[in-house]
Structures are given as structure tokens and as C-alpha cells.
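**Student:** Let me give you the structure first, and then I'll get to my questions.
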Amino acid sequence: MTKLLIIEPMDFQATASRGSGAANLTSRDPKEVWADSAAGSAAAITIDLGQARSIDTIFLGYVRPPVATATWTITGGLSEGAEFVIQPQAILRVPDVSGRFATISHALWNGLAVTARYLTITVNQPAGTPLTIGVAVVGLAFVAALGQEWGAGRQPIDTGSATSLPSGGFSVVDGVRKRRFGWTFGDLSLTEADQLEQIALDLGETKPALVIENAASLPGLRSRIFYGLFEKWKVYERRNRQQTRWDIGIEEWV
């Protein structure tokens, strides 16, 4: 089991070997997608971070359709995107909750940090419906040395509404179902508190972040990934001269 990760998305430019809307991979909204134009072969997405950066996380979010046998490979480099392998060929979709197969999936690489400016993500899907990808996130994860406290949890959210009627029924306005995730860092060092405060100042409550409850590639990983906006940042508590307690929450974007 890994500790909770907070990834602040890096700015980048994206192109693709085919399809349309590659620039949408840099958009905040997962409904603005890159749409492949073919299936049964490989498509390459090239990312330029603008300068050499240290990264340990690459995320492709809101992948449709979530084909079980689709794979991806990641390479990188300082002068072009094929100088070294970051991730050998692997299954694209992250493991779902046991017994479920969601209609939307994610892809996640998280490993030892590498330094690269250019990345090439090669997606190989079988014959069928060409896939679409809503979000790409590249970054270096913030990880608190002591992790989060017990008590972290998820809350289902329904954006629709239901009004009770005199007849005994309901007037229902349909919305979507999504989640909130809240947790507490109980023992942040002074350095960690400063790092987290900088993330708060960079992203505020209007720029998205990627939060991963546990990045281990085990059943349920899809449910442990949250791409969305931080809730109103609470005042942190200085427990003593060396440690800080901070309650944080994020609401996912669907």
C-alpha cells in the first residue's frame, strides 16, 4: 500500500499522430477530449513539458470505451520522446472494483522519478470503437512522510434533485453521481506544510488536482483516483513547533 499522493498538473503542449483534439488533453474539463480516428493499431501522443522536469506520475483520465485489452507504453527523453523507456507495454485501464467493469476508465503510471522534457505515450487498442481520452496529467507527487490519518473517507454526491409530491411520489431532476474525498494530514513537518501551502496557492479552488488514495495496482484502484477541485482550504493547525495538522477535501470532476 502506498501513501496518499497529490499531483499538481504541469503545463505542457500535446500533439497526436492521428485523431482530433490533441490540445484538449491540456484542458481542465474531461468532457473536452482527444478522439482517436482508428482502432486496431497504435496511436502516439507526444507531450512537451517545455523544459526538463522531474516527474513520477502520468495519468490519462476518462478513457472511453474502457477496452480490457488496450495497452500503453511510455517513453521519454531530453531532446526527443524515445530516448528511454519509462513504462514498458502494460494494460491501459487501471484495476476496477472486484466484479465491476466501469464504462469510463483511467490509466496511471506512478514510479521512480525520471527527468524528461519530451514524453511519447503509445496507445494500442484492438479493433472496435476508437477511444477518446478526456484528461492528461503529468507531475511530481507530493507525499507526506507519515501519510494521512485514519478516518479518511469518500462521500457520494448526486447533483440532481428530488421533491416529494402530495401524491406520495417524487418530482425528479436527473443529475450525475460523483464523489467527494476528505482526509487529514496529522503530522506534517514544517517543510511539508510549506510545500502543501504552495500547492494550495497554485491551485486554489478553481484549478484541478489529481489525488490518489493509494496508487498500488490492486483491485479498486479506479475508485481511489480523484481528479477534481479542492474544496475551500481550511486553516491548518500548528500542533507543536515541528508538526502541523491539516484537513483537506476534493470533489471529483465528471
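Chain lettering (A, B, ...) mirrors the order of the C-alpha cells, residue numbering begins at 1 for each chain separately, and ligand numbering begins at 1 in order of display.
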Would you give me, as a PyMOL selection string, the residues in region 2-250 of chain A that DSSP reads as strand (DSSP E or B)?
**Tutor:** chain A and resi 5-7+13-16+20+34-35+42-64+71-77+84-91+105-124+132-133+135-139+142+153-158+161-164+170-173+177-188+209-212+225-230+237-238+244-250
**Student:** Can you tell me which residues surround region 125-140 of chain A at a distance of at most 9 Å, considering only C-alpha atoms, apart from same-chain residues fewer than 5 positions away, and format the answer as a PyMOL selection string?
**Tutor:** chain A and resi 6-12+24-43+49+53-67+69-72+106+113+209-210
**Student:** Tell me, in Å to one decimal, how far CA of Asp247 (chain A) is from CA of Asn110 (chain A).
**Tutor:**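 Spanning CA of Asp247 (chain A) to CA of Asn110 (chain A) is a straight-line distance of 24.6 Å.
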**Student:** Determine the nearest neighbour of Gln51 (chain A) from the options A:Leu92, A:Leu5, A:Ile199, A:Leu119, counting only C-alpha atoms.
**Tutor:**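 For Gln51 (chain A), the nearest of the candidates is A:Leu119.
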**Student:** Near Glu80 (chain A), counting only C-alpha atoms, which residues have an atom at most 10 Å away, once you skip same-chain residues fewer than 5 positions from it, shown as a list in words?
**Tutor:** Thr46, Ile47, Asp48, Thr75, Ala116, Arg117, Tyr118, Leu119 and Thr120 of chain A
**Student:** So which one's closest to Ser98 (chain A), A:Asn124, A:Leu221, A:Arg241, A:Thr191? Using only C-alpha atoms, please.
**Tutor:**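 Among A:Asn124, A:Leu221, A:Arg241, A:Thr191, it is A:Leu221 that comes nearest to Ser98 (chain A).
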**Student:** Report the residues of region 1-237 of chain A whose backbone DSSP state falls under helix (DSSP H, G or I), written as a PyMOL selection string.
**Tutor:** chain A and resi 22-26+190-203+221-224
**Student:** Show me, as a compact mmCIF listing (two decimals) with N, CA, C and O atoms, in the first residue's frame, the residues that have an atom within 7 Å of Phe185 (chain A) when counting only C-alpha atoms, minus same-chain residues fewer than 4 positions from it.
**Tutor:**
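Output (selection03.txt):
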```txt
# COMPACT_ATOMS: atom_id res chain seq x y z
N GLY A 147 2.08 9.96 5.87
CA GLY A 147 0.79 9.65 5.26
C GLY A 147 -0.38 10.35 5.93
O GLY A 147 -0.20 11.23 6.79
N GLN A 148 -1.60 9.94 5.56
CA GLN A 148 -2.79 10.53 6.13
C GLN A 148 -3.23 9.75 7.37
O GLN A 148 -2.88 8.60 7.55
N GLU A 149 -4.04 10.40 8.20
CA GLU A 149 -4.56 9.75 9.38
C GLU A 149 -5.70 8.79 9.01
O GLU A 149 -6.35 8.95 7.98
N ARG A 245 -1.30 19.96 11.53
CA ARG A 245 -2.47 19.14 11.18
C ARG A 245 -3.32 19.91 10.18
O ARG A 245 -3.59 21.09 10.37
N TRP A 246 -3.74 19.20 9.08
CA TRP A 246 -4.48 19.90 8.03
C TRP A 246 -5.57 18.99 7.48
O TRP A 246 -5.30 17.90 7.00
N ASP A 247 -6.82 19.45 7.53
CA ASP A 247 -7.98 18.75 6.94
C ASP A 247 -8.18 19.23 5.51
O ASP A 247 -8.25 20.45 5.27
```
**Student:** Restricting the calculation to only C-alpha atoms, which member of A:Phe170, A:Phe84, A:Trp253, A:Phe101 is positioned closest to Val114 (chain A)?
**Tutor:**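 Comparing A:Phe170, A:Phe84, A:Trp253, A:Phe101 against Val114 (chain A), the winner is A:Phe84.
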**Student:** Which residue, A:Ile45, A:Leu196, A:Val94, A:Ile74, has the smallest gap to Ala141 (chain A) when you use only C-alpha atoms?
**Tutor:**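 Among the listed residues, the smallest separation from Ala141 (chain A) belongs to A:Leu196.
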**Student:** Which residue, A:Leu229, A:Ala215, A:Ala68, A:Ala44, has the smallest gap to Trp109 (chain A) when you use only C-alpha atoms?
**Tutor:**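 Among the listed residues, the smallest separation from Trp109 (chain A) belongs to A:Ala215.
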**Student:** Would you pick out the contacts of Ile225 (chain A) at 7 Å or less, using only C-alpha atoms, so that residues sharing its chain but fewer than 4 positions from it are not included, and give the list as an NGL selection string?
**Tutor:** :A and (211-213 or 221)
**Student:** Could you check how far CA of Phe181 (chain A) sits from CA of Thr163 (chain A), in Å to one decimal?
**Tutor:**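 One can read the CA of Phe181 (chain A) to CA of Thr163 (chain A) distance as 26.7 Å.
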**Student:** Go through A:Ala144, A:Ala193, A:Val173, A:Ala216 one by one, measure the shortest atom-to-atom distance of each to Asp158 (chain A) using only C-alpha atoms, and give the residue with the smallest value.
**Tutor:**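 Ranking A:Ala144, A:Ala193, A:Val173, A:Ala216 by distance to Asp158 (chain A), first place goes to A:Val173.
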**Student:** Which residues come within 9 Å of Glu192 (chain A), counting only C-alpha atoms, excluding same-chain residues fewer than 6 positions away, as JSON, numbers by chain?
**Tutor:** {"A": [142, 143, 144, 145, 244]}
